[in-house]
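Shown here: coords36.pdb, PDB, C-alpha atoms, pLDDT in the B column.
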ATOM      1  CA  MET A1418       0.000   0.000   0.000  1.00 84.00           C
ATOM      2  CA  PRO A1419       1.462   3.420  -0.906  1.00 92.00           C
ATOM      3  CA  ILE A1420       2.562   5.989   1.648  1.00 94.00           C
ATOM      4  CA  TYR A1421       2.143   9.709   0.994  1.00 95.00           C
ATOM      5  CA  ALA A1422       3.909  12.682   2.573  1.00 94.00           C
ATOM      6  CA  VAL A1423       1.687  15.511   3.837  1.00 95.00           C
ATOM      7  CA  LYS A1424       3.259  18.961   4.334  1.00 95.00           C
ATOM      8  CA  THR A1425       2.245  20.584   7.630  1.00 94.00           C
ATOM      9  CA  THR A1426       2.919  23.676   9.688  1.00 92.00           C
ATOM     10  CA  ALA A1427       6.131  23.314  11.722  1.00 90.00           C
ATOM     11  CA  SER A1428       5.591  21.759  15.187  1.00 90.00           C
ATOM     12  CA  GLN A1429       2.056  20.650  14.291  1.00 92.00           C
ATOM     13  CA  GLU A1430       2.926  17.232  12.865  1.00 94.00           C
ATOM     14  CA  ARG A1431       1.482  15.188  15.722  1.00 94.00           C
ATOM     15  CA  THR A1432      -1.715  17.271  15.784  1.00 94.00           C
ATOM     16  CA  VAL A1433      -2.250  16.791  12.060  1.00 94.00           C
ATOM     17  CA  ALA A1434      -1.585  13.031  12.288  1.00 94.00           C
ATOM     18  CA  ASP A1435      -4.094  12.692  15.149  1.00 94.00           C
ATOM     19  CA  MET A1436      -6.725  14.687  13.251  1.00 94.00           C
ATOM     20  CA  ILE A1437      -6.244  12.573  10.115  1.00 93.00           C
ATOM     21  CA  MET A1438      -6.778   9.367  12.097  1.00 92.00           C
ATOM     22  CA  ASN A1439      -9.772  10.805  14.007  1.00 92.00           C
ATOM     23  CA  ARG A1440     -11.613  11.350  10.699  1.00 87.00           C
ATOM     24  CA  GLU A1441     -12.112   7.569  10.460  1.00 82.00           C
ATOM     25  CA  GLU A1442     -11.768   7.511   6.684  1.00 85.00           C
ATOM     26  CA  GLU A1443     -11.797   3.828   5.707  1.00 91.00           C
ATOM     27  CA  ASP A1444      -9.321   4.332   2.849  1.00 93.00           C
ATOM     28  CA  ILE A1445      -6.713   5.868   5.188  1.00 94.00           C
ATOM     29  CA  HIS A1446      -4.957   3.173   7.216  1.00 94.00           C
ATOM     30  CA  ALA A1447      -2.216   4.911   9.227  1.00 93.00           C
ATOM     31  CA  ALA A1448      -0.536   8.237   9.936  1.00 93.00           C
ATOM     32  CA  LEU A1449       3.016   8.622  11.215  1.00 92.00           C
ATOM     33  CA  ALA A1450       4.600  11.804  12.629  1.00 92.00           C
ATOM     34  CA  PRO A1451       8.240  10.929  13.409  1.00 88.00           C
ATOM     35  CA  ASP A1452      10.153  13.344  15.665  1.00 84.00           C
ATOM     36  CA  SER A1453      13.104  13.410  13.277  1.00 83.00           C
ATOM     37  CA  LEU A1454      10.969  14.568  10.312  1.00 86.00           C
ATOM     38  CA  THR A1455       9.971  18.219  10.656  1.00 90.00           C
ATOM     39  CA  SER A1456       6.868  19.625   8.900  1.00 93.00           C
ATOM     40  CA  TYR A1457       5.793  16.316   7.347  1.00 94.00           C
ATOM     41  CA  VAL A1458       3.390  13.511   8.237  1.00 95.00           C
ATOM     42  CA  MET A1459       3.515  10.141   6.480  1.00 95.00           C
ATOM     43  CA  VAL A1460       0.065   8.746   5.622  1.00 94.00           C
ATOM     44  CA  GLU A1461      -0.700   5.227   4.390  1.00 94.00           C
ATOM     45  CA  ALA A1462      -3.772   5.208   2.143  1.00 94.00           C
ATOM     46  CA  VAL A1463      -5.334   3.460  -0.836  1.00 94.00           C
ATOM     47  CA  SER A1464      -4.812   6.551  -3.010  1.00 93.00           C
ATOM     48  CA  VAL A1465      -4.136  10.269  -2.687  1.00 94.00           C
ATOM     49  CA  ALA A1466      -7.826  11.227  -3.124  1.00 93.00           C
ATOM     50  CA  PRO A1467      -9.049  10.361   0.417  1.00 93.00           C
ATOM     51  CA  ILE A1468      -6.078  12.207   1.923  1.00 94.00           C
ATOM     52  CA  GLU A1469      -6.810  15.356  -0.094  1.00 93.00           C
ATOM     53  CA  ARG A1470     -10.493  15.124   0.883  1.00 92.00           C
ATOM     54  CA  VAL A1471      -9.625  14.927   4.603  1.00 93.00           C
ATOM     55  CA  LEU A1472      -6.978  17.677   4.455  1.00 92.00           C
ATOM     56  CA  THR A1473      -9.553  20.298   3.461  1.00 91.00           C
ATOM     57  CA  GLU A1474     -11.027  20.046   6.990  1.00 91.00           C
ATOM     58  CA  ILE A1475      -7.744  19.954   8.960  1.00 93.00           C
ATOM     59  CA  PRO A1476      -5.990  23.131  10.064  1.00 91.00           C
ATOM     60  CA  HIS A1477      -2.160  23.161   9.854  1.00 92.00           C
ATOM     61  CA  ALA A1478      -2.226  20.611   7.001  1.00 92.00           C
ATOM     62  CA  ARG A1479      -0.909  22.180   3.810  1.00 92.00           C
ATOM     63  CA  THR A1480      -0.749  19.788   0.875  1.00 92.00           C
ATOM     64  CA  VAL A1481       0.155  16.282  -0.255  1.00 94.00           C
ATOM     65  CA  VAL A1482       3.652  16.051  -1.717  1.00 93.00           C
ATOM     66  CA  PRO A1483       3.489  14.645  -5.279  1.00 94.00           C
ATOM     67  CA  GLY A1484       4.569  11.027  -5.550  1.00 92.00           C
ATOM     68  CA  GLU A1485       4.324   8.031  -3.294  1.00 90.00           C
ATOM     69  CA  SER A1486       6.657   5.909  -1.181  1.00 89.00           C
ATOM     70  CA  ASP A1487       6.628   2.326  -0.017  1.00 87.00           C
ATOM     71  CA  ILE A1488       7.154   0.911   3.464  1.00 87.00           C
ATOM     72  CA  GLY A1489      10.861   0.292   2.824  1.00 86.00           C
ATOM     73  CA  GLU A1490      11.526   4.029   2.591  1.00 87.00           C
ATOM     74  CA  VAL A1491       9.911   4.858   5.958  1.00 86.00           C
ATOM     75  CA  GLU A1492      10.590   1.768   8.076  1.00 85.00           C
ATOM     76  CA  HIS A1493      13.665   3.388   9.694  1.00 83.00           C
ATOM     77  CA  PHE A1494      11.180   5.759  11.410  1.00 84.00           C
ATOM     78  CA  LEU A1495       9.318   2.791  12.934  1.00 82.00           C
ATOM     79  CA  SER A1496      12.064   1.389  15.171  1.00 79.00           C
ATOM     80  CA  PRO A1497      13.354   3.612  17.979  1.00 75.00           C
ATOM     81  CA  LYS A1498      17.096   4.062  18.283  1.00 75.00           C
ATOM     82  CA  PRO A1499      18.644   3.473  21.716  1.00 74.00           C
ATOM     83  CA  ASP A1500      19.427   6.576  23.792  1.00 78.00           C
ATOM     84  CA  VAL A1501      23.031   5.439  24.281  1.00 80.00           C
ATOM     85  CA  GLU A1502      23.704   5.276  20.541  1.00 80.00           C
ATOM     86  CA  GLY A1503      26.448   7.724  19.626  1.00 81.00           C
ATOM     87  CA  ILE A1504      27.968   7.729  23.116  1.00 87.00           C
ATOM     88  CA  ALA A1505      31.396   6.181  23.654  1.00 88.00           C
ATOM     89  CA  GLU A1506      33.557   5.507  26.700  1.00 90.00           C
ATOM     90  CA  GLY A1507      35.677   8.546  27.508  1.00 90.00           C
ATOM     91  CA  ASP A1508      33.159  11.070  26.157  1.00 90.00           C
ATOM     92  CA  ILE A1509      32.568  14.221  28.166  1.00 92.00           C
ATOM     93  CA  VAL A1510      28.853  14.587  28.951  1.00 92.00           C
ATOM     94  CA  GLU A1511      26.533  16.887  30.845  1.00 93.00           C
ATOM     95  CA  LEU A1512      23.757  15.484  32.998  1.00 92.00           C
ATOM     96  CA  ILE A1513      20.484  17.117  31.962  1.00 92.00           C
ATOM     97  CA  ALA A1514      18.160  15.489  34.506  1.00 90.00           C
ATOM     98  CA  GLY A1515      18.198  13.973  37.950  1.00 88.00           C
ATOM     99  CA  PRO A1516      19.917  15.057  41.175  1.00 89.00           C
ATOM    100  CA  PHE A1517      23.200  15.882  39.388  1.00 89.00           C
ATOM    101  CA  LYS A1518      21.582  18.058  36.712  1.00 91.00           C
ATOM    102  CA  GLY A1519      24.077  20.496  35.173  1.00 91.00           C
ATOM    103  CA  GLU A1520      27.158  18.526  36.288  1.00 90.00           C
ATOM    104  CA  LYS A1521      29.822  17.500  33.792  1.00 92.00           C
ATOM    105  CA  ALA A1522      31.089  13.940  33.791  1.00 93.00           C
ATOM    106  CA  GLN A1523      33.143  11.428  31.831  1.00 92.00           C
ATOM    107  CA  VAL A1524      31.603   8.214  30.508  1.00 92.00           C
ATOM    108  CA  GLN A1525      33.153   5.139  32.141  1.00 93.00           C
ATOM    109  CA  ARG A1526      30.871   2.305  30.995  1.00 92.00           C
ATOM    110  CA  ILE A1527      27.883   1.842  28.663  1.00 92.00           C
ATOM    111  CA  ASP A1528      25.165  -0.787  29.145  1.00 91.00           C
ATOM    112  CA  GLU A1529      23.266  -0.870  25.842  1.00 85.00           C
ATOM    113  CA  GLY A1530      20.921  -3.614  27.029  1.00 84.00           C
ATOM    114  CA  LYS A1531      19.569  -1.495  29.868  1.00 87.00           C
ATOM    115  CA  ASP A1532      20.092   1.821  28.021  1.00 88.00           C
ATOM    116  CA  GLN A1533      22.216   3.084  30.923  1.00 91.00           C
ATOM    117  CA  VAL A1534      25.536   4.891  31.174  1.00 94.00           C
ATOM    118  CA  THR A1535      27.939   4.921  34.144  1.00 94.00           C
ATOM    119  CA  VAL A1536      29.703   8.272  34.464  1.00 94.00           C
ATOM    120  CA  GLU A1537      32.264   9.744  36.843  1.00 94.00           C
ATOM    121  CA  LEU A1538      31.548  13.301  37.971  1.00 92.00           C
ATOM    122  CA  TYR A1539      34.317  15.833  37.272  1.00 86.00           C
ATOM    123  CA  GLU A1540      33.912  18.230  40.171  1.00 83.00           C
ATOM    124  CA  ALA A1541      33.414  15.645  42.903  1.00 83.00           C
ATOM    125  CA  THR A1542      36.190  15.551  45.487  1.00 86.00           C
ATOM    126  CA  VAL A1543      35.990  11.756  45.551  1.00 88.00           C
ATOM    127  CA  PRO A1544      35.452  10.047  42.169  1.00 85.00           C
ATOM    128  CA  ILE A1545      32.011   8.476  42.408  1.00 85.00           C
ATOM    129  CA  PRO A1546      30.586   6.373  39.570  1.00 91.00           C
ATOM    130  CA  VAL A1547      26.960   7.306  38.904  1.00 92.00           C
ATOM    131  CA  THR A1548      24.668   5.246  36.678  1.00 93.00           C
ATOM    132  CA  VAL A1549      22.065   7.223  34.730  1.00 93.00           C
ATOM    133  CA  ARG A1550      19.651   6.535  31.879  1.00 91.00           C
ATOM    134  CA  GLY A1551      20.855   7.345  28.389  1.00 88.00           C
ATOM    135  CA  ASP A1552      18.234  10.062  27.910  1.00 89.00           C
ATOM    136  CA  GLN A1553      19.511  11.958  30.965  1.00 90.00           C
ATOM    137  CA  ILE A1554      22.832  12.970  29.405  1.00 91.00           C
ATOM    138  CA  ARG A1555      24.017  15.138  26.539  1.00 90.00           C
ATOM    139  CA  VAL A1556      27.374  14.599  24.844  1.00 88.00           C
ATOM    140  CA  LEU A1557      29.591  17.706  25.048  1.00 86.00           C
ATOM    141  CA  ASP A1558      32.876  16.355  23.690  1.00 75.00           C
ATOM    142  CA  SER A1559      33.575  13.024  22.065  1.00 65.00           C
ATOM    143  CA  ASP A1560      36.938  11.277  21.679  1.00 60.00           C
ATOM    144  CA  GLU A1561      35.888  10.030  18.222  1.00 52.00           C
ATOM    145  CA  ARG A1562      35.392  13.531  16.764  1.00 46.00           C
TER     146      ARG A1562
END
Write-out of the structure in C-alpha cells:
Amino acid sequence: MPIYAVKTTASQERTVADMIMNREEEDIHAALAPDSLTSYVMVEAVSVAPIERVLTEIPHARTVVPGESDIGEVEHFLSPKPDVEGIAEGDIVELIAGPFKGEKAQVQRIDEGKDQVTVELYEATVPIPVTVRGDQIRVLDSDER
C-alpha cells in the first residue's frame, strides 16, 4: 500500500496526524509523525484522493507532496534508536536530569541492554561512579570527533 507525505505547519505534525486518524476515513490506514521529520506527516492510504479530501477540513495541514513511497523508505522511522547510541567511553557529557543536573562527567561504561551509562563526575572531590539513563545525558565532547 502506498505511503504519501503531507506537508504541515512546523511543530504541528502530531496534531495533524491525530486529526487525520480521528476522521475515520476507511481508505486511510495509518498516519506517522516521526520526531526526526519536521513539517511532514507520512500517511498510508489506498490513493491520494481520500487524503486530499480529509486535508480540506484539517488546520495546519498544507498539501500532499506529489509522488508516493513504499514501506521500505519509511521503516527506519518505525524502530526507535537506543538513547546510548552515539555515546562512547571517555566522552565528556553533561547530565540534563536527575539530582546531578548540570554537572559534567566522563563516561566510564555503557550498558546498551539497559540503556544506561555509568559516568564519573568531574567536580566531585571523591570520584564516584553514577549510573544514569541514556536520555539523561548530553554529549559535550567526544573522543571520536
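Using all atoms listed in the file, the nearest neighbour of Ile1488 (chain A) within the list A:Leu1454, A:Val1536, A:Leu1449, A:Ile1527 is A:Leu1449.
Proximity to Val1458 (chain A) was assessed for A:Gln1429, A:Asn1439, A:Thr1473, A:Ser1486 counting all atoms listed in the file; the smallest distance is recorded for A:Gln1429.
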* To do: Can you pull out every residue within 10 Å of Ala1434 (chain A), counting all atoms listed in the file, but drop anything in the same chain fewer than 4 positions away, and send it as number ranges by chain?
  => A: 1423, 1425, 1429-1430, 1438-1439, 1447-1450, 1457-1460, 1475, 1478
* **Straight-line distance linking CA of Ile1445 (chain A) with CA of Ala1462 (chain A), stated in Å to one decimal** =>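 Taking CA of Ile1445 (chain A) as the start and CA of Ala1462 (chain A) as the end point, the length is 4.3 Å.
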* Of the residues A:Asp1435, A:Glu1511, A:Glu1474, A:Glu1490, which is the one nearest to Val1556 (chain A), using only C-alpha atoms? ->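 Closest candidate: A:Glu1511.
Between Pro1419 (chain A) and the candidates A:Val1471, A:Val1491, A:Val1433, A:Leu1557, the tightest atom-to-atom separation, counting only C-alpha atoms, involves A:Val1491.
For the pair CA of Leu1512 (chain A) and CA of Phe1494 (chain A), the interatomic distance is 26.8 Å.
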* Please write as JSON, numbers by chain the full residue list that the PyMOL selection byres ((chain A and resi 1543-1548) around 10) yields on this file. => {"A": [1517, 1522, 1523, 1524, 1525, 1526, 1527, 1528, 1533, 1534, 1535, 1536, 1537, 1538, 1539, 1540, 1541, 1542, 1549, 1550, 1551]}
* Counting all atoms listed in the file, the residue of A:Ala1466, A:Ala1422, A:Val1481, A:Ile1554 that sits nearest Asp1500 (chain A) ->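 Going through A:Ala1466, A:Ala1422, A:Val1481, A:Ile1554 one by one, the smallest distance to Asp1500 (chain A) is for A:Ile1554.
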